[in-house]
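Here the structure is laid out as structure tokens; the discussion comes afterwards.
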Amino acid sequence: MDRRQYRVLNTLIVFQRGDITEQDSGAIVNAANSTLLGGGGVDGAIHRAGGPQILEECKQIRNRQGECPAGEAVITTGGNLPAGWVIHTVGPIWRGGSHGEPEQLGNAYRNSLQLARERGIRSISFPSISTGAYRFPIDKAAIIALDTVKKFAEEYDVPVEIRFVLFSDNDLRAYLEAWDKLTGV
Ligand code: APR
């Protein structure tokens with residue numbers, strides 16, 4: 001099983017195995033850090049595949065508005081990527097769950113969707129934000145991500161497609177289980 005999709009009003013929610021840098025959606029989301037200067041994981045993959053243009057634009061954003069706090073999002077072009085835009089958002093670092101991490105994770109998804117909507121970007125691909133180096137337990141993160149995305153899709157018609165691009169079968173399974181729990185399918 002590599003791909004599942006569900007409809008929420010006029011929005012398609014897609015779950016698939018894959019590499020976020022290969023997605024041809026209007027925008028892909030980067031699991032960045034507050035410096036916006038790159039890193040490992042998704043961040044490293046996107047800068048490697050997207051080329052120096054993306055880092056250049058991140059530096060210009062930093063010079064204008066400083067670092068990007070957890071839960072916030074900024075946007076650059078996609079450089080050499082198939083996606084036209086990269087939305088860089090900063091997930092929370094997991095510190096046990098009582099330091100505002102759940103709210104910050106929800107904000108990272110919501111602010112990324114809001115940026116896409118404001119620019120009329122019709123499809124967006126998310127990685128599993130904060131569940132790698134930032135050690136957010138994936139079962140908890142998936143519920144927060146999907147609850148946030150479902151509520152956004154119930155309120156707005158753009159983006160019309162929201163993809164979750166998971167890097168492993170386990171991650172894909174965790175998100176599908178969270179969706180079943182959330183929607184009671
Ligand atoms: N495509 C899709 N998902 C990926 C890819 C990829 N190419 N590479 C890694 N992932 C997955 C990981 O398996 C994990 O499930 O993305 C999820 C998020 O992992 P991280 O990239 O470590 O992101 P995060 O946990 O949010 O930590 C962010 O790591 O890379 C640094 O600069 C980044 O400091 C920031 C921190």
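So you can find residues: chains in the structure tokens are A, B, ... in the order shown, residues in each start at 1, and ligands are numbered from 1 in order.
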task = Could you please extract the residues within 9 Å of ligand 1, counting only C-alpha atoms and all ligand atoms, and hand them back as a ChimeraX atom specification?
result = /A:17-22,30-46,89-93,126-136,138,164-168,171
Taking the backbone alone, and naming residues the way the document does, which bits of chain A are strand (DSSP E or B) by DSSP, as a tab-separated table (two decimals) with C-alpha atoms, in the first residue's frame?
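This is the output file selection_11.tsv:
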```tsv
chain	number	residue	atom	x	y	z
A	3	ARG	CA	-1.00	5.73	-1.50
A	4	ARG	CA	-4.44	6.48	0.05
A	5	GLN	CA	-6.65	9.51	-0.45
A	6	TYR	CA	-9.72	10.94	1.31
A	7	ARG	CA	-12.01	13.86	0.57
A	8	VAL	CA	-12.82	16.61	3.05
A	11	THR	CA	-10.16	19.16	-0.60
A	12	LEU	CA	-8.32	15.91	-1.35
A	13	ILE	CA	-6.12	14.63	1.48
A	14	VAL	CA	-3.46	12.25	0.13
A	15	PHE	CA	-1.15	9.93	2.08
A	16	GLN	CA	1.79	8.43	0.21
A	17	ARG	CA	5.29	7.00	0.62
A	27	ALA	CA	4.42	23.97	-2.88
A	28	ILE	CA	6.36	21.58	-0.69
A	29	VAL	CA	6.90	22.22	3.00
A	30	ASN	CA	10.36	22.14	4.55
A	31	ALA	CA	10.87	21.02	8.18
A	32	ALA	CA	13.34	23.82	8.80
A	73	ALA	CA	6.35	29.79	8.19
A	74	VAL	CA	8.05	31.69	5.36
A	75	ILE	CA	8.06	31.06	1.60
A	76	THR	CA	10.72	30.95	-1.12
A	77	THR	CA	10.71	29.81	-4.73
A	85	TRP	CA	7.46	27.06	-3.99
A	86	VAL	CA	9.03	25.92	-0.74
A	87	ILE	CA	7.25	26.85	2.46
A	88	HIS	CA	9.79	26.70	5.29
A	89	THR	CA	8.18	26.07	8.64
A	90	VAL	CA	9.79	25.39	12.01
A	123	SER	CA	-1.56	21.78	-3.97
A	124	ILE	CA	0.84	21.38	-1.07
A	125	SER	CA	3.01	18.49	0.16
A	126	PHE	CA	3.95	18.07	3.83
A	161	GLU	CA	-4.97	18.97	-2.54
A	162	ILE	CA	-2.95	18.38	0.63
A	163	ARG	CA	-0.39	15.58	0.46
A	164	PHE	CA	1.43	13.88	3.31
A	165	VAL	CA	4.66	12.45	1.88
A	166	LEU	CA	6.07	9.89	4.32
```
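If you look at atom CA of A:Glu67 and atom CA of A:Leu146, they are 26.7 Å away from each other.
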Could you write out, as an mmCIF file with all heavy atoms, in the first residue's frame, all the residues of stretch 7-91 of chain A that DSSP marks as alpha helix (DSSP H)?
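Result went into states.cif, see below:
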```
data_model
loop_
_atom_site.group_PDB
_atom_site.id
_atom_site.type_symbol
_atom_site.label_atom_id
_atom_site.label_comp_id
_atom_site.auth_asym_id
_atom_site.auth_seq_id
_atom_site.Cartn_x
_atom_site.Cartn_y
_atom_site.Cartn_z
ATOM 1 N N GLY A 41 18.215 15.946 7.385
ATOM 2 C CA GLY A 41 16.863 15.463 7.092
ATOM 3 C C GLY A 41 16.212 16.100 5.876
ATOM 4 O O GLY A 41 16.825 16.287 4.824
ATOM 5 N N VAL A 42 14.924 16.443 6.044
ATOM 6 C CA VAL A 42 14.167 17.075 4.948
ATOM 7 C C VAL A 42 14.844 18.380 4.510
ATOM 8 O O VAL A 42 15.001 18.658 3.326
ATOM 9 C CB VAL A 42 12.730 17.397 5.437
ATOM 10 C CG1 VAL A 42 12.002 18.273 4.460
ATOM 11 C CG2 VAL A 42 11.958 16.125 5.667
ATOM 12 N N ASP A 43 15.284 19.151 5.488
ATOM 13 C CA ASP A 43 15.911 20.463 5.240
ATOM 14 C C ASP A 43 17.112 20.284 4.316
ATOM 15 O O ASP A 43 17.243 20.955 3.284
ATOM 16 C CB ASP A 43 16.348 21.041 6.594
ATOM 17 C CG ASP A 43 16.491 22.561 6.584
ATOM 18 O OD1 ASP A 43 16.278 23.160 5.516
ATOM 19 O OD2 ASP A 43 16.805 23.117 7.641
ATOM 20 N N GLY A 44 17.955 19.321 4.659
ATOM 21 C CA GLY A 44 19.150 19.080 3.832
ATOM 22 C C GLY A 44 18.775 18.601 2.443
ATOM 23 O O GLY A 44 19.329 19.055 1.432
ATOM 24 N N ALA A 45 17.775 17.713 2.388
ATOM 25 C CA ALA A 45 17.373 17.150 1.083
ATOM 26 C C ALA A 45 16.832 18.245 0.167
ATOM 27 O O ALA A 45 17.140 18.290 -1.032
ATOM 28 C CB ALA A 45 16.323 16.059 1.299
ATOM 29 N N ILE A 46 16.022 19.143 0.737
ATOM 30 C CA ILE A 46 15.411 20.205 -0.083
ATOM 31 C C ILE A 46 16.464 21.191 -0.585
ATOM 32 O O ILE A 46 16.479 21.546 -1.772
ATOM 33 C CB ILE A 46 14.290 20.924 0.714
ATOM 34 C CG1 ILE A 46 13.079 19.985 0.833
ATOM 35 C CG2 ILE A 46 13.912 22.268 0.073
ATOM 36 C CD1 ILE A 46 11.947 20.527 1.696
ATOM 37 N N HIS A 47 17.388 21.582 0.288
ATOM 38 C CA HIS A 47 18.437 22.512 -0.170
ATOM 39 C C HIS A 47 19.364 21.843 -1.188
ATOM 40 O O HIS A 47 19.770 22.464 -2.163
ATOM 41 C CB HIS A 47 19.234 23.045 1.030
ATOM 42 C CG HIS A 47 18.516 24.133 1.773
ATOM 43 N ND1 HIS A 47 18.464 25.437 1.320
ATOM 44 C CD2 HIS A 47 17.786 24.103 2.909
ATOM 45 C CE1 HIS A 47 17.746 26.168 2.154
ATOM 46 N NE2 HIS A 47 17.312 25.380 3.129
ATOM 47 N N ARG A 48 19.633 20.563 -1.003
ATOM 48 C CA ARG A 48 20.515 19.857 -1.971
ATOM 49 C C ARG A 48 19.838 19.782 -3.331
ATOM 50 O O ARG A 48 20.410 20.130 -4.354
ATOM 51 C CB ARG A 48 20.789 18.430 -1.472
ATOM 52 C CG ARG A 48 22.189 18.192 -0.936
ATOM 53 C CD ARG A 48 22.500 16.717 -0.695
ATOM 54 N NE ARG A 48 21.418 15.915 -0.164
ATOM 55 C CZ ARG A 48 21.072 15.855 1.120
ATOM 56 N NH1 ARG A 48 21.728 16.613 1.990
ATOM 57 N NH2 ARG A 48 20.065 15.098 1.540
ATOM 58 N N ALA A 49 18.569 19.375 -3.321
ATOM 59 C CA ALA A 49 17.853 19.189 -4.591
ATOM 60 C C ALA A 49 17.445 20.532 -5.203
ATOM 61 O O ALA A 49 17.402 20.673 -6.432
ATOM 62 C CB ALA A 49 16.614 18.324 -4.369
ATOM 63 N N GLY A 50 17.159 21.512 -4.348
ATOM 64 C CA GLY A 50 16.642 22.795 -4.842
ATOM 65 C C GLY A 50 17.728 23.753 -5.301
ATOM 66 O O GLY A 50 17.463 24.663 -6.083
ATOM 67 N N PRO A 52 21.238 26.456 -4.643
ATOM 68 C CA PRO A 52 21.623 27.611 -3.803
ATOM 69 C C PRO A 52 20.613 28.755 -3.798
ATOM 70 O O PRO A 52 20.588 29.549 -2.855
ATOM 71 C CB PRO A 52 22.965 28.051 -4.412
ATOM 72 C CG PRO A 52 23.008 27.487 -5.786
ATOM 73 C CD PRO A 52 22.165 26.247 -5.768
ATOM 74 N N GLN A 53 19.771 28.819 -4.807
ATOM 75 C CA GLN A 53 18.775 29.897 -4.902
ATOM 76 C C GLN A 53 17.891 29.948 -3.650
ATOM 77 O O GLN A 53 17.573 31.001 -3.108
ATOM 78 C CB GLN A 53 17.904 29.627 -6.144
ATOM 79 C CG GLN A 53 16.637 30.447 -6.255
ATOM 80 C CD GLN A 53 16.924 31.874 -6.672
ATOM 81 O OE1 GLN A 53 17.959 32.120 -7.262
ATOM 82 N NE2 GLN A 53 16.040 32.788 -6.345
ATOM 83 N N ILE A 54 17.538 28.753 -3.157
ATOM 84 C CA ILE A 54 16.620 28.685 -2.006
ATOM 85 C C ILE A 54 17.307 29.274 -0.775
ATOM 86 O O ILE A 54 16.720 30.099 -0.051
ATOM 87 C CB ILE A 54 16.179 27.227 -1.757
ATOM 88 C CG1 ILE A 54 15.377 26.706 -2.958
ATOM 89 C CG2 ILE A 54 15.348 27.127 -0.475
ATOM 90 C CD1 ILE A 54 14.974 25.252 -2.877
ATOM 91 N N LEU A 55 18.571 28.905 -0.550
ATOM 92 C CA LEU A 55 19.307 29.438 0.609
ATOM 93 C C LEU A 55 19.472 30.958 0.482
ATOM 94 O O LEU A 55 19.313 31.686 1.466
ATOM 95 C CB LEU A 55 20.671 28.757 0.740
ATOM 96 C CG LEU A 55 21.493 29.147 1.977
ATOM 97 C CD1 LEU A 55 20.730 28.852 3.264
ATOM 98 C CD2 LEU A 55 22.832 28.412 1.984
ATOM 99 N N GLU A 56 19.725 31.420 -0.718
ATOM 100 C CA GLU A 56 19.855 32.866 -0.963
ATOM 101 C C GLU A 56 18.587 33.592 -0.502
ATOM 102 O O GLU A 56 18.636 34.588 0.225
ATOM 103 C CB GLU A 56 20.075 33.112 -2.468
ATOM 104 C CG GLU A 56 21.489 33.550 -2.846
ATOM 105 C CD GLU A 56 22.242 34.179 -1.703
ATOM 106 O OE1 GLU A 56 21.946 35.359 -1.366
ATOM 107 O OE2 GLU A 56 23.104 33.491 -1.121
ATOM 108 N N GLU A 57 17.449 33.051 -0.908
ATOM 109 C CA GLU A 57 16.176 33.693 -0.543
ATOM 110 C C GLU A 57 15.929 33.604 0.960
ATOM 111 O O GLU A 57 15.397 34.534 1.571
ATOM 112 C CB GLU A 57 15.030 33.039 -1.320
ATOM 113 C CG GLU A 57 15.080 33.293 -2.811
ATOM 114 C CD GLU A 57 13.941 32.608 -3.555
ATOM 115 O OE1 GLU A 57 12.803 32.622 -3.060
ATOM 116 O OE2 GLU A 57 14.210 32.034 -4.631
ATOM 117 N N CYS A 58 16.348 32.492 1.563
ATOM 118 C CA CYS A 58 16.204 32.357 3.031
ATOM 119 C C CYS A 58 17.041 33.418 3.743
ATOM 120 O O CYS A 58 16.593 34.039 4.719
ATOM 121 C CB CYS A 58 16.636 30.955 3.487
ATOM 122 S SG CYS A 58 15.448 29.656 3.113
ATOM 123 N N LYS A 59 18.233 33.663 3.233
ATOM 124 C CA LYS A 59 19.113 34.671 3.853
ATOM 125 C C LYS A 59 18.484 36.059 3.731
ATOM 126 O O LYS A 59 18.520 36.859 4.672
ATOM 127 C CB LYS A 59 20.505 34.657 3.199
ATOM 128 C CG LYS A 59 21.357 33.465 3.641
ATOM 129 C CD LYS A 59 22.696 33.446 2.925
ATOM 130 C CE LYS A 59 23.531 32.230 3.352
ATOM 131 N NZ LYS A 59 24.744 32.068 2.500
ATOM 132 N N GLN A 60 17.847 36.322 2.580
ATOM 133 C CA GLN A 60 17.193 37.638 2.407
ATOM 134 C C GLN A 60 16.043 37.796 3.404
ATOM 135 O O GLN A 60 15.854 38.850 4.009
ATOM 136 C CB GLN A 60 16.654 37.784 0.979
ATOM 137 C CG GLN A 60 17.737 37.997 -0.078
ATOM 138 C CD GLN A 60 17.241 37.721 -1.498
ATOM 139 O OE1 GLN A 60 16.015 37.633 -1.736
ATOM 140 N NE2 GLN A 60 18.162 37.551 -2.426
ATOM 141 N N ILE A 61 15.317 36.692 3.627
ATOM 142 C CA ILE A 61 14.216 36.732 4.607
ATOM 143 C C ILE A 61 14.791 37.008 5.997
ATOM 144 O O ILE A 61 14.304 37.861 6.736
ATOM 145 C CB ILE A 61 13.417 35.408 4.583
ATOM 146 C CG1 ILE A 61 12.654 35.258 3.265
ATOM 147 C CG2 ILE A 61 12.456 35.330 5.771
ATOM 148 C CD1 ILE A 61 12.060 33.872 3.036
ATOM 149 N N ARG A 62 15.865 36.320 6.344
ATOM 150 C CA ARG A 62 16.514 36.525 7.647
ATOM 151 C C ARG A 62 16.942 37.969 7.814
ATOM 152 O O ARG A 62 16.741 38.576 8.870
ATOM 153 C CB ARG A 62 17.766 35.645 7.744
ATOM 154 C CG ARG A 62 17.619 34.331 8.430
ATOM 155 C CD ARG A 62 18.931 33.585 8.250
ATOM 156 N NE ARG A 62 20.012 34.204 9.028
ATOM 157 C CZ ARG A 62 20.263 33.834 10.294
ATOM 158 N NH1 ARG A 62 19.515 32.939 10.892
ATOM 159 N NH2 ARG A 62 21.244 34.398 10.961
ATOM 160 N N ASN A 63 17.527 38.523 6.760
ATOM 161 C CA ASN A 63 18.010 39.920 6.864
ATOM 162 C C ASN A 63 16.847 40.881 7.076
ATOM 163 O O ASN A 63 16.981 41.876 7.770
ATOM 164 C CB ASN A 63 18.784 40.316 5.595
ATOM 165 C CG ASN A 63 20.069 39.492 5.453
ATOM 166 O OD1 ASN A 63 20.523 38.913 6.436
ATOM 167 N ND2 ASN A 63 20.599 39.395 4.235
ATOM 168 N N ARG A 64 15.722 40.539 6.468
ATOM 169 C CA ARG A 64 14.536 41.412 6.587
ATOM 170 C C ARG A 64 13.857 41.244 7.938
ATOM 171 O O ARG A 64 13.529 42.219 8.621
ATOM 172 C CB ARG A 64 13.512 41.047 5.481
ATOM 173 C CG ARG A 64 13.620 41.831 4.201
ATOM 174 C CD ARG A 64 12.297 41.813 3.391
ATOM 175 N NE ARG A 64 11.642 40.504 3.332
ATOM 176 C CZ ARG A 64 11.885 39.570 2.393
ATOM 177 N NH1 ARG A 64 12.804 39.799 1.482
ATOM 178 N NH2 ARG A 64 11.250 38.417 2.394
ATOM 179 N N GLN A 65 13.609 39.975 8.335
ATOM 180 C CA GLN A 65 12.738 39.794 9.504
ATOM 181 C C GLN A 65 13.340 38.925 10.593
ATOM 182 O O GLN A 65 12.651 38.533 11.529
ATOM 183 C CB GLN A 65 11.396 39.213 9.065
ATOM 184 C CG GLN A 65 11.510 37.863 8.338
ATOM 185 C CD GLN A 65 10.187 37.468 7.678
ATOM 186 O OE1 GLN A 65 9.684 38.175 6.807
ATOM 187 N NE2 GLN A 65 9.619 36.347 8.124
#
```
ask   = Any idea what the distance is between atom CA of A:Pro137 and atom CA of A:Val149?
value = 18.2 Å
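Shortest separation to A:Gly100 among A:Ala116, A:Leu176, A:Leu182, A:Ala70 occurs at residue A:Ala70, atoms counted being only C-alpha atoms.
Put simply, atom CA of A:Ala174 is 19.5 Å away from atom CA of A:Lys151.
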